[in-house]
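Enquirer: Next comes start08.cif, mmCIF, C-alpha atoms:
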```
data_final
loop_
_atom_site.label_atom_id
_atom_site.label_comp_id
_atom_site.auth_asym_id
_atom_site.auth_seq_id
_atom_site.Cartn_x
_atom_site.Cartn_y
_atom_site.Cartn_z
CA MET A 1169 -119.42 4.25 51.22
CA ASN A 1170 -122.93 5.46 50.59
CA SER A 1171 -124.47 8.13 52.74
CA LYS A 1172 -127.05 5.79 54.24
CA LYS A 1173 -124.32 3.48 55.60
CA ALA A 1174 -122.34 6.45 56.95
CA THR A 1175 -125.42 7.72 58.77
CA TRP A 1176 -125.88 4.30 60.40
CA ILE A 1177 -122.24 4.13 61.51
CA LEU A 1178 -122.36 7.67 62.86
CA GLY A 1179 -125.62 6.88 64.66
CA ILE A 1180 -124.21 3.77 66.31
CA ALA A 1181 -121.02 5.66 67.25
CA ALA A 1182 -123.11 8.43 68.78
CA ILE A 1183 -125.12 5.91 70.81
CA VAL A 1184 -121.92 4.19 72.05
CA VAL A 1185 -120.37 7.54 73.02
CA ALA A 1186 -123.59 8.63 74.71
CA GLY A 1187 -123.66 5.30 76.56
CA PHE A 1188 -120.11 5.79 77.79
CA ILE A 1189 -120.89 9.34 78.92
CA LEU A 1190 -124.02 8.14 80.67
CA MET A 1191 -122.18 5.28 82.41
CA ALA A 1192 -119.39 7.56 83.53
CA GLY A 1193 -121.95 10.01 84.90
CA THR A 1194 -123.79 7.28 86.76
CA LYS A 1195 -120.57 5.94 88.25
CA GLY A 1196 -119.65 9.44 89.42
CA SER A 1197 -122.97 10.02 91.07
CA GLN A 1198 -122.85 6.53 92.61
CA ALA A 1199 -119.46 7.38 94.10
CA ALA A 1200 -120.79 10.66 95.42
CA SER A 1201 -123.85 8.92 96.82
CA ALA A 1202 -121.69 6.28 98.45
CA GLN A 1203 -119.61 9.06 99.99
CA ASP A 1204 -122.78 10.71 101.33
CA ASN A 1205 -124.02 7.42 102.77
CA ALA A 1206 -120.65 6.48 104.25
CA PRO A 1207 -121.04 5.71 107.95
CA LYS A 1208 -120.09 8.75 110.02
CA THR A 1209 -118.29 8.60 113.31
CA VAL A 1210 -118.46 11.27 115.95
CA GLU A 1211 -116.39 11.33 119.13
CA ILE A 1212 -117.45 12.40 122.61
CA LYS A 1213 -114.74 13.07 125.14
CA ILE A 1214 -115.20 12.19 128.79
CA ASP A 1215 -113.10 14.65 130.70
CA ASN A 1216 -113.19 16.25 134.13
CA PHE A 1217 -116.35 14.34 135.11
CA SER A 1218 -118.37 15.52 132.13
CA PHE A 1219 -119.31 14.44 128.62
CA GLY A 1220 -118.26 16.82 125.87
CA PRO A 1221 -120.31 17.92 124.06
CA MET A 1222 -123.19 17.45 126.50
CA THR A 1223 -125.72 17.62 123.65
CA LEU A 1224 -124.80 16.15 120.32
CA LYS A 1225 -126.91 16.24 117.14
CA VAL A 1226 -126.20 13.50 114.64
CA ALA A 1227 -127.84 11.95 111.60
CA ALA A 1228 -129.33 8.47 111.83
CA GLY A 1229 -126.68 5.87 111.11
CA THR A 1230 -123.95 7.79 112.88
CA THR A 1231 -121.61 5.91 115.16
CA VAL A 1232 -120.80 7.78 118.33
CA THR A 1233 -117.59 6.88 120.13
CA TRP A 1234 -116.97 7.88 123.72
CA ILE A 1235 -113.39 8.08 124.92
CA ASN A 1236 -112.49 8.37 128.58
CA ASN A 1237 -109.78 10.95 129.09
CA ASP A 1238 -110.36 11.11 132.84
CA ASP A 1239 -108.17 9.50 135.48
CA VAL A 1240 -111.15 7.68 136.98
CA PRO A 1241 -113.36 5.02 135.41
CA HIS A 1242 -116.68 6.05 133.88
CA THR A 1243 -119.54 4.30 132.11
CA VAL A 1244 -121.89 5.33 129.32
CA VAL A 1245 -125.44 4.13 129.98
CA SER A 1246 -128.67 5.20 128.27
CA ASP A 1247 -131.34 6.45 130.67
CA ASN A 1248 -133.50 3.41 130.01
CA THR A 1249 -130.36 1.25 130.65
CA LYS A 1250 -131.32 -0.89 127.64
CA THR A 1251 -130.45 1.00 124.46
CA PHE A 1252 -126.72 1.10 125.16
CA LYS A 1253 -124.55 0.34 128.13
CA SER A 1254 -120.77 0.31 128.33
CA LYS A 1255 -118.53 -1.47 130.78
CA ALA A 1256 -116.43 0.62 133.14
CA LEU A 1257 -114.10 2.59 130.87
CA ASP A 1258 -110.62 3.17 132.25
CA THR A 1259 -108.42 6.00 131.06
CA GLY A 1260 -108.10 5.80 127.27
CA ASP A 1261 -110.83 3.17 126.87
CA LYS A 1262 -113.48 3.66 124.17
CA PHE A 1263 -117.09 2.66 123.69
CA SER A 1264 -119.07 2.99 120.44
CA TYR A 1265 -122.74 2.79 119.55
CA THR A 1266 -124.45 3.32 116.20
CA PHE A 1267 -127.69 5.29 116.32
CA THR A 1268 -130.01 3.96 113.64
CA LYS A 1269 -133.32 5.47 114.71
CA PRO A 1270 -134.10 9.18 115.07
CA GLY A 1271 -134.92 10.34 118.58
CA LYS A 1272 -133.58 11.72 121.80
CA TYR A 1273 -131.15 9.51 123.70
CA PRO A 1274 -130.33 10.81 127.17
CA TYR A 1275 -127.52 8.96 128.95
CA PHE A 1276 -125.42 9.12 132.11
CA CYS A 1277 -122.44 7.59 133.91
CA SER A 1278 -123.62 4.91 136.32
CA VAL A 1279 -120.60 5.45 138.58
CA HIS A 1280 -121.27 9.21 138.73
CA PRO A 1281 -125.01 9.70 138.05
CA LYS A 1282 -124.55 13.48 138.08
CA MET A 1283 -122.75 13.13 134.74
CA MET A 1284 -125.57 13.42 132.20
CA ALA A 1285 -125.74 14.22 128.50
CA GLU A 1286 -127.84 13.42 125.43
CA ILE A 1287 -127.66 12.47 121.78
CA LEU A 1288 -130.23 13.91 119.37
CA VAL A 1289 -130.56 11.70 116.32
CA GLN A 1290 -132.24 13.33 113.31
CA MET B 730 -134.12 16.75 142.59
CA HIS B 731 -135.48 17.59 146.03
CA PRO B 732 -132.97 17.28 148.89
CA PHE B 733 -135.53 15.48 151.06
CA ASP B 734 -136.88 13.21 148.36
CA LEU B 735 -136.71 9.90 150.24
CA LYS B 736 -137.44 7.81 147.15
CA THR B 737 -134.54 9.31 145.24
CA ALA B 738 -132.23 8.83 148.21
CA MET B 739 -133.24 5.22 148.81
CA LEU B 740 -133.20 4.18 145.17
CA ALA B 741 -129.96 5.92 144.25
CA ARG B 742 -127.81 3.14 142.99
CA HIS B 743 -124.67 3.80 144.97
CA ALA B 744 -125.33 6.88 147.09
CA GLN B 745 -125.85 4.90 150.30
CA HIS B 746 -122.31 3.52 150.21
CA VAL B 747 -120.87 6.98 149.70
CA VAL B 748 -122.90 8.33 152.63
CA LEU B 749 -122.46 5.42 155.07
CA ILE B 750 -118.71 5.05 154.59
CA HIS B 751 -118.05 8.23 156.58
CA PHE B 752 -119.29 6.61 159.79
CA PRO B 753 -116.83 3.70 160.13
CA ILE B 754 -113.96 5.89 158.92
CA ALA B 755 -114.62 8.49 161.61
CA LEU B 756 -115.47 5.97 164.33
CA PHE B 757 -112.48 3.73 163.70
CA THR B 758 -110.05 6.62 163.47
CA ALA B 759 -111.41 7.98 166.75
CA ALA B 760 -111.24 4.52 168.33
CA VAL B 761 -107.59 4.12 167.38
CA ALA B 762 -106.75 7.60 168.66
CA PHE B 763 -108.51 6.93 171.99
CA ASP B 764 -106.87 3.51 172.31
CA TYR B 765 -103.41 5.02 171.82
CA LEU B 766 -104.28 7.72 174.35
CA ALA B 767 -105.60 5.10 176.78
CA GLU B 768 -102.40 3.09 176.42
CA TRP B 769 -100.25 6.16 176.92
CA ARG B 770 -102.23 7.58 179.88
CA LYS B 771 -103.16 4.14 181.31
CA ASP B 772 -106.72 5.46 181.51
CA GLN B 773 -109.61 2.99 181.62
CA THR B 774 -112.16 5.67 180.70
CA LEU B 775 -110.32 6.42 177.48
CA ALA B 776 -110.06 2.66 176.84
CA ALA B 777 -113.85 2.39 177.24
CA VAL B 778 -114.35 5.29 174.82
CA ALA B 779 -112.06 3.53 172.35
CA TYR B 780 -114.01 0.29 172.75
CA PHE B 781 -117.41 1.82 172.07
CA ASN B 782 -116.12 3.75 169.07
CA LEU B 783 -114.66 0.51 167.79
CA LEU B 784 -117.92 -1.32 168.42
CA LEU B 785 -119.89 1.19 166.37
CA ALA B 786 -117.22 1.25 163.64
CA THR B 787 -117.46 -2.54 163.40
CA VAL B 788 -121.25 -2.45 163.21
CA PHE B 789 -121.11 0.17 160.45
CA THR B 790 -118.71 -1.89 158.33
CA VAL B 791 -121.52 -4.36 157.64
CA PRO B 792 -123.87 -1.98 155.74
CA VAL B 793 -120.87 -0.26 154.17
CA VAL B 794 -119.50 -3.48 152.70
CA ALA B 795 -123.00 -4.57 151.71
CA THR B 796 -123.85 -1.31 149.94
CA GLY B 797 -120.44 -1.29 148.26
CA LEU B 798 -121.05 -4.75 146.85
CA VAL B 799 -124.59 -3.78 145.83
CA ALA B 800 -123.23 -0.68 144.06
CA TRP B 801 -120.80 -2.91 142.18
CA GLN B 802 -123.67 -5.18 141.11
CA LEU B 803 -126.10 -2.39 140.22
CA ALA B 804 -123.90 0.34 138.77
CA LEU B 805 -121.43 -1.94 137.01
CA GLU B 806 -123.52 -5.11 136.87
CA GLY B 807 -120.85 -7.07 138.69
CA GLN B 808 -118.38 -6.82 135.85
CA LYS B 809 -114.79 -7.85 136.45
CA LEU B 810 -113.10 -4.93 138.13
CA LYS B 811 -109.68 -3.55 137.37
CA GLY B 812 -107.53 -0.57 138.25
CA ILE B 813 -108.70 1.80 140.97
CA LEU B 814 -112.07 0.08 141.36
CA LEU B 815 -110.41 -3.26 142.07
CA MET B 816 -107.89 -1.66 144.41
CA HIS B 817 -110.72 0.07 146.28
CA LEU B 818 -112.62 -3.21 146.64
CA VAL B 819 -109.60 -5.20 147.84
CA LEU B 820 -108.41 -2.52 150.28
CA GLY B 821 -111.97 -2.05 151.54
CA CYS B 822 -112.31 -5.77 152.28
CA ILE B 823 -108.89 -5.94 153.99
CA SER B 824 -109.71 -2.83 156.05
CA SER B 825 -113.02 -4.34 157.15
CA VAL B 826 -111.39 -7.61 158.16
CA LEU B 827 -108.74 -5.71 160.15
CA ILE B 828 -111.43 -3.64 161.90
CA TRP B 829 -113.30 -6.84 162.80
CA PHE B 830 -110.03 -8.42 164.03
CA VAL B 831 -109.16 -5.40 166.20
CA PHE B 832 -112.69 -5.43 167.63
CA TRP B 833 -112.38 -9.15 168.36
CA ILE B 834 -109.16 -8.50 170.31
CA HIS B 835 -110.85 -5.77 172.37
CA SER B 836 -114.09 -7.66 172.93
CA ARG B 837 -112.24 -10.82 174.01
CA VAL B 838 -110.35 -8.89 176.67
CA ARG B 839 -113.54 -7.15 177.74
CA ARG B 840 -115.17 -10.53 178.32
CA HIS B 841 -112.16 -11.61 180.41
CA PRO B 842 -111.34 -8.64 182.64
CA GLU B 843 -108.41 -10.50 184.20
CA GLU B 844 -106.58 -10.22 180.86
CA SER B 845 -105.04 -7.00 179.54
CA LEU B 846 -105.07 -5.78 175.97
CA PRO B 847 -102.10 -7.16 174.03
CA LYS B 848 -99.54 -4.64 172.83
CA TYR B 849 -99.47 -6.12 169.34
CA ARG B 850 -102.92 -4.66 168.71
CA LEU B 851 -101.39 -1.18 168.42
CA PRO B 852 -99.42 -1.72 165.19
CA ILE B 853 -102.40 -3.65 163.78
CA GLU B 854 -104.64 -0.69 164.57
CA ALA B 855 -102.12 1.67 162.95
CA VAL B 856 -101.98 -0.44 159.79
CA ALA B 857 -105.77 -0.72 159.73
CA ALA B 858 -106.16 3.06 160.12
CA LEU B 859 -103.66 3.57 157.30
CA LEU B 860 -105.56 1.15 155.04
CA VAL B 861 -108.89 2.76 155.94
CA GLY B 862 -107.42 6.13 154.96
CA LEU B 863 -106.05 4.75 151.69
CA THR B 864 -109.34 3.03 150.84
CA GLY B 865 -111.21 6.24 151.62
CA HIS B 866 -108.82 8.23 149.48
CA LEU B 867 -109.41 5.92 146.51
CA GLY B 868 -113.16 6.00 147.17
CA GLY B 869 -113.15 9.78 147.19
CA PHE B 870 -111.17 9.79 143.97
CA LEU B 871 -113.65 7.38 142.37
CA SER B 872 -116.72 9.24 143.55
CA GLY B 873 -115.42 12.45 142.04
CA VAL B 874 -115.61 14.35 145.27
CA ASN B 875 -112.94 16.64 143.86
CA GLY B 876 -114.65 16.87 140.50
CA PRO B 877 -116.78 19.78 139.28
CA GLY B 878 -120.30 20.32 140.64
#
```
Any chance you could give the structure as structure tokens?

Expert:
Amino acid sequence: MNSKKATWILGIAAIVVAGFILMAGTKGSQAASAQDNAPKTVEIKIDNFSFGPMTLKVAAGTTVTWINNDDVPHTVVSDNTKTFKSKALDTGDKFSYTFTKPGKYPYFCSVHPKMMAEILVQ
Amino acid sequence: MHPFDLKTAMLARHAQHVVLIHFPIALFTAAVAFDYLAEWRKDQTLAAVAYFNLLLATVFTVPVVATGLVAWQLALEGQKLKGILLMHLVLGCISSVLIWFVFWIHSRVRRHPEESLPKYRLPIEAVAALLVGLTGHLGGFLSGVNGPG
């Protein structure tokens, strides 16, 4: 085998190896990126006639789930009564809403209007 | 929120029901107590007191039932009720019908003084008072009167 041919083979081999390394790297970062962009879920507990936590900061795209741990029915209604509105949640019932846009989302329980809280979407 | 803010009070979505309900509960309970006393003491004055308490209790059931139904429509948008809410609604309606029935018995006799009040009204009044108490208990539980704040 002459040296020119060997150089070519080595060059092609180097390109193939570099390609594999590059692809593997890309796949890894894609997986990491997918993990970062995975939809997040945060839970708010309704207990003792209050929402906990009363103020929650989440990133856009986060799904917030309210769970009623109280003995009495509650609702989860945004202050403008349009953005989100649950039915009456009995003990153990859940309601979820995904916040896609940044902003401040105050809400309350329509059965007990003194129960107020807010979601801050960043 | 100002305690004398009329707009807030009038537009509150279910506050009127919670406020008004105390009147028929108190009036009907008093009416039943006076009627039992009147029966026991054979006292026409006590019977008259019972009648007028019952009259006012009956009148107050109308706005109470109306505001309760409005609260259901506004706060819960008329959704199908279940659990305590449904029980409260059903017991409230039965209580109201019993109050109206007891009042009808009394008012019929009042229009015909030659007749005397039937004895069977007493157990009906007792059952009605019991149901009123039970409905009120569930209502208090729902309103969170025992809750914080």

Enquirer: Selection in question (the file shown): the PyMOL selection byres ((chain B and resi 793-803) around 7). Which residues does it include, as a ChimeraX atom specification?

Expert: /B:742-743,745-746,749-750,789-792,804-807

Enquirer: Using all atoms listed in the file and a cutoff of 12 Å, can you tell me which residues are near (-121.2, 5.5, 114.6) in the file's coordinates, and write them out as a PDB file with C-alpha atoms, in the coordinates of the input?

Expert:
```pdb
ATOM      1  CA  ALA A1206    -120.650   6.480 104.250  1.00  0.00           C
ATOM      2  CA  PRO A1207    -121.040   5.710 107.950  1.00  0.00           C
ATOM      3  CA  LYS A1208    -120.090   8.750 110.020  1.00  0.00           C
ATOM      4  CA  THR A1209    -118.290   8.600 113.310  1.00  0.00           C
ATOM      5  CA  VAL A1210    -118.460  11.270 115.950  1.00  0.00           C
ATOM      6  CA  GLU A1211    -116.390  11.330 119.130  1.00  0.00           C
ATOM      7  CA  ILE A1212    -117.450  12.400 122.610  1.00  0.00           C
ATOM      8  CA  VAL A1226    -126.200  13.500 114.640  1.00  0.00           C
ATOM      9  CA  ALA A1227    -127.840  11.950 111.600  1.00  0.00           C
ATOM     10  CA  ALA A1228    -129.330   8.470 111.830  1.00  0.00           C
ATOM     11  CA  GLY A1229    -126.680   5.870 111.110  1.00  0.00           C
ATOM     12  CA  THR A1230    -123.950   7.790 112.880  1.00  0.00           C
ATOM     13  CA  THR A1231    -121.610   5.910 115.160  1.00  0.00           C
ATOM     14  CA  VAL A1232    -120.800   7.780 118.330  1.00  0.00           C
ATOM     15  CA  THR A1233    -117.590   6.880 120.130  1.00  0.00           C
ATOM     16  CA  TRP A1234    -116.970   7.880 123.720  1.00  0.00           C
ATOM     17  CA  PHE A1263    -117.090   2.660 123.690  1.00  0.00           C
ATOM     18  CA  SER A1264    -119.070   2.990 120.440  1.00  0.00           C
ATOM     19  CA  TYR A1265    -122.740   2.790 119.550  1.00  0.00           C
ATOM     20  CA  THR A1266    -124.450   3.320 116.200  1.00  0.00           C
ATOM     21  CA  PHE A1267    -127.690   5.290 116.320  1.00  0.00           C
ATOM     22  CA  THR A1268    -130.010   3.960 113.640  1.00  0.00           C
ATOM     23  CA  ILE A1287    -127.660  12.470 121.780  1.00  0.00           C
ATOM     24  CA  VAL A1289    -130.560  11.700 116.320  1.00  0.00           C
TER      25      VAL A1289
END
```

Enquirer: What is the distance, in Å and to one decimal place, between CA of Ala760 in chain B and CA of Asn782 in chain B?

Expert: 5.0 Å

Enquirer: Evaluated on this file, the PyMOL selection byres ((chain A) within 10 of (chain B)) picks out some residues - which ones are they, written as a PyMOL selection string?

Expert: chain A and resi 1216-1218+1239-1243+1245+1253-1259+1277-1283

Enquirer: In Å, rounded to a single decimal, give me how far CA of Pro842 in chain B is from CA of Thr758 in chain B.

Expert: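 Atom-to-atom, CA of Thr758 in chain B and CA of Pro842 in chain B are spaced 24.5 Å apart.
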
Enquirer: Out of B:Phe752, B:His866, B:Tyr780, B:Ala855, which residue has the shortest atom-to-atom distance to Arg837 in chain B when counting only C-alpha atoms?

Expert: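 For Arg837 in chain B, the nearest of the candidates is B:Tyr780.
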
Enquirer: Using Å and a single decimal, report how far CA of Ala759 in chain B sits from CA of Leu775 in chain B.

Expert: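 Between these atoms lies a distance of 10.9 Å.
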
Enquirer: Could you tell me which residues the PyMOL selection byres ((chain A and resi 1286) around 8) grabs in this file, written as JSON, numbers by chain?

Expert: {"A": [1222, 1223, 1224, 1272, 1273, 1274, 1275, 1284, 1285, 1287, 1288]}

Enquirer: What lies within 12 Å of Leu827 in chain B using all atoms listed in the file, ignoring chain neighbours under 4 positions off, as a CSV table (one decimal) with C-alpha atoms, keeping the file's coordinate frame?

Expert:
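The result, written out as selection-v4.csv:
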```
chain,number,residue,atom,x,y,z
B,757,PHE,CA,-112.5,3.7,163.7
B,783,LEU,CA,-114.7,0.5,167.8
B,786,ALA,CA,-117.2,1.2,163.6
B,787,THR,CA,-117.5,-2.5,163.4
B,790,THR,CA,-118.7,-1.9,158.3
B,820,LEU,CA,-108.4,-2.5,150.3
B,821,GLY,CA,-112.0,-2.0,151.5
B,822,CYS,CA,-112.3,-5.8,152.3
B,823,ILE,CA,-108.9,-5.9,154.0
B,831,VAL,CA,-109.2,-5.4,166.2
B,832,PHE,CA,-112.7,-5.4,167.6
B,833,TRP,CA,-112.4,-9.2,168.4
B,834,ILE,CA,-109.2,-8.5,170.3
B,850,ARG,CA,-102.9,-4.7,168.7
B,851,LEU,CA,-101.4,-1.2,168.4
B,852,PRO,CA,-99.4,-1.7,165.2
B,853,ILE,CA,-102.4,-3.6,163.8
B,854,GLU,CA,-104.6,-0.7,164.6
B,855,ALA,CA,-102.1,1.7,163.0
B,856,VAL,CA,-102.0,-0.4,159.8
B,857,ALA,CA,-105.8,-0.7,159.7
B,858,ALA,CA,-106.2,3.1,160.1
B,859,LEU,CA,-103.7,3.6,157.3
B,860,LEU,CA,-105.6,1.2,155.0
B,861,VAL,CA,-108.9,2.8,155.9
```

Enquirer: Looking at B:Gly865, B:Leu818, B:Leu784, B:Val826, which one is nearest to Arg839 in chain B, with distances taken over all atoms listed in the file?

Expert: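 Of B:Gly865, B:Leu818, B:Leu784, B:Val826, the one nearest Arg839 in chain B, counting all atoms listed in the file, is B:Leu784.
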
Enquirer: What are the centre and the three edge lengths of an axis-aligned box that wraps all atoms of range 834-843 of chain B in the file, given that 5 Å is added to every side, written as AutoDock Vina command-line options and rounded to one decimal in Å?

Expert:
```
--center_x -111.8 --center_y -8.7 --center_z 177.3 --size_x 16.8 --size_y 15.8 --size_z 23.9
```
